[in-house]
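For reference, the structure discussed in these notes is given below.
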Amino acid sequence: MLNLAQAAKKAAIHLAATPHEVRNTALLAIADALRARQDEIFAANAADMEQAQADALDAPLLKRLRFDAAKLGEVLEGIAALTGLPDPIGETQRATELSPGLNLYRVACPIGVIGVIFESRPDALVQIASLCLKSGNAVLLKGGREAARTNRALFAALTEGLDAVGIPQGWAGLLESREEVAQMLRLDGCIDLIIPRGSNDFVRYIMDNSRIPVLGHADGLCAVYIDRAADIDMAVSVAVDSKAQYVAVCNAAETLLVHREIAPLALPTMARAMTEAGVRLKGCARTQALIDCEAATNADYDTEYLDYVMAVRIVDSLDEAVAHINAYGSGHTDCIVTCDAEAARTFLTLVDSAGVYHNCSTRFADGFRYGLGAEVGVATGKIHARGPMGLEGLCTYKYKLLGEGHVVAEFADGKRRFTHLALENSK
């Protein structure tokens with residue numbers, strides 16, 4: 001583990017200085033290698049799937065584990081989108097003349113070495129590594145054990161021959177055991193950031209056991225609120241898509257909140273549509289009085305199902321819906337369906353989540369759909385990066401100060417003065 005981290009640290013320094021064209025060429029080489037190795041990758045995934053089925057892995061998790069031609073197509077589409085994005089490194093974010101001839105530039109640069117621990121979703125490995133490469137970061141990858149064979153096959157394609165196009169060896173490393181993760185958490189001299197994707201408890205464990213900065217990507221407890229001024233057909237369409245389009249992901253809605261004034265009209269139609277989509281509803285007492293469903297407990301509103309189950313609650317007001325989301329939600333993505341513009345503005349302002357939506361599915365909370373190329377994950381905190389974390393979230397910045405022999409003493413004794421003028425040109 002130490003050797004991997006040290007190699008990544010060394011590679012990160014050179015990768016940060018690699019021209020944009022070289023990094024794009026490397027991404028295209030990865031895409032070619034994935035195509036060339038697809039039979040090997042699919043065979044490895046079939047073995048992982050067979051083992052997972054023998055281990056009785058839940059159906060939604062099996063769906064996430066599958067890496068087939070469709071998944072490969074999505075991954076290749078993401079890589080192509082990344083190559084079309086501008087270089088995140090070297091962008092001048094701010095330029096200021098401190099004094100004539102003394103100019104200050106704030107310039108984007110890579111974070112360095114990033115350790116990412118993610119769930120058993122093989123496509124995530126490619127997305128994360130591609131984003132790190134494009135943004136000039138070295139990366140250490142630890143996927144779920146259920147996808148071990150697939151991850152090895154994908155990693156081989158990711159690293160095949162990239163040194164020939166100018167990418168330093170060691171820019172990516174693959175971890176396979178919990179012991180390696182424990183060792184990684186202690187390597188604060190080599191690793192600049194840890195990004196864990198998983199439950200709140202898992203993210204907290206990582207934070208409590210490392211001195212390395214941690215940017216957690218935790219539970220996705222998303223809600224759809226049907227306001228009293230909602231169009232019912234739109235509400236049904238948005239809610240069903242948010243829940244059932246793909247249930248085993250963090251941006252799938254787990255909770256449905258319905259205003260009491262529209263509930264008698266909306267809930268029966270909603271229940272029929274959800275049933276047709278295979279979704280089982282659990283509701284509060286008032287919900288059960290309107291539709292046939294199981295009883296919901298407080299714990300149901302605090303559960304990320306990642307399955308065809310949804311908790312329903314009737315609320316008396318927009319304020320109550322907002323309070324419920326802020327109390328039970330995970331700060332991921334929440335939606336209001338309404339034709340009342342003022343209600344929408346209030347919801348979008350008061351709900352404290354990374355994504356707040358009006359009249360559209362929570363499933364849009366995705367780096368590719370946002371035009372970011374892909375994502376390392378969805379950050380639900382408020383520091384550094386928030387929401388789908390793409391290239392910008394993988395960069396920090398440095399200040400470059402260019403002078404002509406300037407010294408502070410000349411400002412202290414009044415020979416020179418600060419101007420602090422904004423500059424348009426960049427360095």
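Starting from 1 in every chain, residues are counted up; chains themselves are A, B, ... following the order of the structure tokens, and ligands are numbered from 1 as listed.
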| query | Running DSSP on the backbone, which parts of segment 249-363 of chain A land in alpha helix (DSSP H), as a VMD selection string? | reply | chain A and resid 263 to 276 285 to 288 318 to 328 341 to 350
| request: Please provide as a count of residues only all residues within 7 Å of Leu350 of chain A, with the sequence filter that same-chain residues fewer than 3 positions apart are discarded (counting only C-alpha atoms). | output: 3
| message | So that I can see what lies close to Thr255 of chain A, please list as an NGL selection string the residues with an atom at most 12 Å from it, counting only C-alpha atoms and leaving out residues fewer than 3 positions away in the same chain. | response | :A and (220-226 or 239-240 or 242-243 or 251-252 or 258 or 279-284 or 296 or 298-306 or 308-314 or 321 or 324-325 or 328-330 or 333-335 or 362)
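Minimum atom-to-atom distances from A:Ala230, A:Ala54, A:Val113, A:Ala354 to Gly387 of chain A were compared using only C-alpha atoms, and the lowest value belongs to A:Ala354.
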Would you tabulate, counting only C-alpha atoms, all residues of segment 115-214 of chain A that have an atom at most 8 Å from an atom of segment 11-25 of chain A, showing the closest pair of atoms and their distance in Å to one decimal, sorted by chain then ascending number, as CSV?
residue,atom,partner,partner_atom,distance
A:Leu133,CA,A:Arg23,CA,6.7
A:Lys134,CA,A:Arg23,CA,5.8
A:Ser135,CA,A:Ala16,CA,8.0
A:Gly136,CA,A:Ala16,CA,4.8
A:Asn137,CA,A:Ala12,CA,5.8
A:Ala138,CA,A:Ala12,CA,5.0
A:Val165,CA,A:Val22,CA,6.7
A:Gly166,CA,A:Val22,CA,6.5
A:Ile167,CA,A:Leu15,CA,6.6
A:Pro168,CA,A:Ala11,CA,5.4
A:Gln169,CA,A:Ala11,CA,6.5
A:Gly170,CA,A:Ala11,CA,5.8
A:Trp171,CA,A:Ala11,CA,5.2
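Of the residues under consideration (A:Ala182, A:Ala70, A:Ala365, A:Ala379), A:Ala379 shows the shortest atom-to-atom contact distance to Val214 of chain A when counting only C-alpha atoms.
Between atom CA of Tyr246 of chain A and atom CA of Gln53 of chain A the separation is 19.6 Å.
Among the candidates A:Ala156, A:Leu391, A:Ala47, A:Cys293, the one nearest to Ala374 of chain A when counting only C-alpha atoms is A:Leu391.
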For Pro264 of chain A: contacts at 12 Å, only C-alpha atoms, fewer than 2 positions along chain excluded, given as a tab-separated table (two decimals) with N, CA and C atoms, in the first residue's frame:
chain	number	residue	atom	x	y	z
A	228	ARG	N	-50.06	21.53	-3.23
A	228	ARG	CA	-51.51	21.61	-3.46
A	228	ARG	C	-51.83	22.18	-4.84
A	232	ILE	N	-51.61	17.11	-11.54
A	232	ILE	CA	-51.55	15.73	-11.07
A	232	ILE	C	-50.84	14.81	-12.07
A	258	VAL	N	-47.14	14.63	0.18
A	258	VAL	CA	-48.30	15.11	-0.57
A	258	VAL	C	-49.11	16.08	0.29
A	259	HIS	N	-49.42	17.26	-0.26
A	259	HIS	CA	-50.22	18.24	0.47
A	259	HIS	C	-51.63	17.68	0.68
A	260	ARG	N	-52.18	17.91	1.86
A	260	ARG	CA	-53.47	17.31	2.24
A	260	ARG	C	-54.60	17.73	1.29
A	261	GLU	N	-54.52	18.95	0.69
A	261	GLU	CA	-55.61	19.42	-0.16
A	261	GLU	C	-55.68	18.68	-1.50
A	262	ILE	N	-54.53	18.21	-1.98
A	262	ILE	CA	-54.51	17.51	-3.27
A	262	ILE	C	-54.44	16.00	-3.10
A	266	ALA	N	-54.81	13.14	-5.90
A	266	ALA	CA	-53.53	12.69	-6.44
A	266	ALA	C	-53.14	11.29	-6.02
A	267	LEU	N	-53.39	10.93	-4.77
A	267	LEU	CA	-52.85	9.67	-4.25
A	267	LEU	C	-53.41	8.42	-4.94
A	268	PRO	N	-54.70	8.32	-5.21
A	268	PRO	CA	-55.17	7.11	-5.90
A	268	PRO	C	-54.52	6.91	-7.27
A	269	THR	N	-54.40	8.00	-8.03
A	269	THR	CA	-53.74	7.92	-9.34
A	269	THR	C	-52.27	7.56	-9.17
A	270	MET	N	-51.63	8.20	-8.19
A	270	MET	CA	-50.22	7.94	-7.90
A	270	MET	C	-50.00	6.48	-7.51
A	271	ALA	N	-50.89	5.95	-6.68
A	271	ALA	CA	-50.74	4.58	-6.20
A	271	ALA	C	-50.85	3.59	-7.36
A	286	ARG	N	-53.06	8.86	7.48
A	286	ARG	CA	-53.91	9.60	6.55
A	286	ARG	C	-53.76	9.06	5.12
A	287	THR	N	-52.56	8.62	4.78
A	287	THR	CA	-52.35	8.01	3.46
A	287	THR	C	-53.12	6.70	3.36
A	288	GLN	N	-53.08	5.90	4.42
A	288	GLN	CA	-53.78	4.61	4.42
A	288	GLN	C	-55.29	4.78	4.32
A	289	ALA	N	-55.79	5.94	4.75
A	289	ALA	CA	-57.23	6.19	4.64
A	289	ALA	C	-57.65	6.46	3.19
A	290	LEU	N	-56.67	6.78	2.33
A	290	LEU	CA	-56.98	7.11	0.94
A	290	LEU	C	-56.59	6.00	-0.04
A	291	ILE	N	-55.55	5.26	0.28
A	291	ILE	CA	-55.10	4.19	-0.61
A	291	ILE	C	-54.74	2.95	0.21
A	314	ILE	N	-48.66	12.47	4.13
A	314	ILE	CA	-49.48	13.64	3.83
A	314	ILE	C	-49.10	14.75	4.80
| task | Point out the residue among A:Ala81, A:Ala344, A:Met1, A:Val75 with the least atom-to-atom distance to Gln183 of chain A, counting only C-alpha atoms. | result | A:Met1
| said: Report as number ranges by chain all protein, DNA and RNA residues lying within 9 Å of Gly393 of chain A, evaluated on only C-alpha atoms, omitting residues in the same chain fewer than 5 positions from it. | reply: A: 376, 384-386, 388
| query | Excluding same-chain residues fewer than 5 positions from segment 60-65 of chain A, what lies within 7 Å of it counting only C-alpha atoms, as a PyMOL selection string? | reply | chain A and resi 120-122+147+247-248+306-307
| field | strand (DSSP E or B) positions in segment 218-269 of chain A, given as a PyMOL selection string | value | chain A and resi 222-226+253-259
Output the selection as an mmCIF file, in the first residue's frame - N, CA and C atoms for each residue.
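Final output, saved to part04.cif:
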data_model
loop_
_atom_site.group_PDB
_atom_site.id
_atom_site.type_symbol
_atom_site.label_atom_id
_atom_site.label_comp_id
_atom_site.auth_asym_id
_atom_site.auth_seq_id
_atom_site.Cartn_x
_atom_site.Cartn_y
_atom_site.Cartn_z
ATOM 1 N N CYS A 222 -33.714 11.126 -0.902
ATOM 2 C CA CYS A 222 -34.348 12.157 -1.722
ATOM 3 C C CYS A 222 -35.865 12.101 -1.577
ATOM 4 N N ALA A 223 -36.498 13.271 -1.682
ATOM 5 C CA ALA A 223 -37.950 13.357 -1.543
ATOM 6 C C ALA A 223 -38.563 14.119 -2.703
ATOM 7 N N VAL A 224 -39.791 13.745 -3.051
ATOM 8 C CA VAL A 224 -40.614 14.500 -3.993
ATOM 9 C C VAL A 224 -41.822 15.014 -3.229
ATOM 10 N N TYR A 225 -42.042 16.327 -3.291
ATOM 11 C CA TYR A 225 -43.192 16.940 -2.611
ATOM 12 C C TYR A 225 -44.214 17.365 -3.645
ATOM 13 N N ILE A 226 -45.442 16.843 -3.525
ATOM 14 C CA ILE A 226 -46.543 17.215 -4.407
ATOM 15 C C ILE A 226 -47.330 18.333 -3.724
ATOM 16 N N ALA A 253 -35.716 8.773 -5.601
ATOM 17 C CA ALA A 253 -36.511 9.280 -4.476
ATOM 18 C C ALA A 253 -36.945 8.135 -3.565
ATOM 19 N N GLU A 254 -36.870 8.384 -2.266
ATOM 20 C CA GLU A 254 -37.296 7.391 -1.273
ATOM 21 C C GLU A 254 -38.566 7.812 -0.545
ATOM 22 N N THR A 255 -38.888 9.108 -0.609
ATOM 23 C CA THR A 255 -40.030 9.639 0.138
ATOM 24 C C THR A 255 -40.924 10.454 -0.785
ATOM 25 N N LEU A 256 -42.236 10.277 -0.609
ATOM 26 C CA LEU A 256 -43.229 11.067 -1.327
ATOM 27 C C LEU A 256 -44.056 11.838 -0.299
ATOM 28 N N LEU A 257 -44.022 13.156 -0.395
ATOM 29 C CA LEU A 257 -44.815 14.024 0.477
ATOM 30 C C LEU A 257 -45.940 14.639 -0.357
ATOM 31 N N VAL A 258 -47.144 14.632 0.184
ATOM 32 C CA VAL A 258 -48.303 15.106 -0.572
ATOM 33 C C VAL A 258 -49.106 16.078 0.289
ATOM 34 N N HIS A 259 -49.417 17.256 -0.262
ATOM 35 C CA HIS A 259 -50.221 18.239 0.468
ATOM 36 C C HIS A 259 -51.627 17.683 0.681
#
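Nearest residue to Leu401 of chain A among A:Leu57, A:Ile79, A:Ala95, A:Val356 is A:Ala95, counting only C-alpha atoms.
Each of A:Arg345, A:Lys398, A:Arg94, A:His332 was compared to Asp366 of chain A using only C-alpha atoms, and A:His332 turns out to be the nearest.
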| task | Could you please determine the separation between atom CA of His420 of chain A and atom CA of Leu402 of chain A in Å, to one decimal place? | result | 14.0 Å
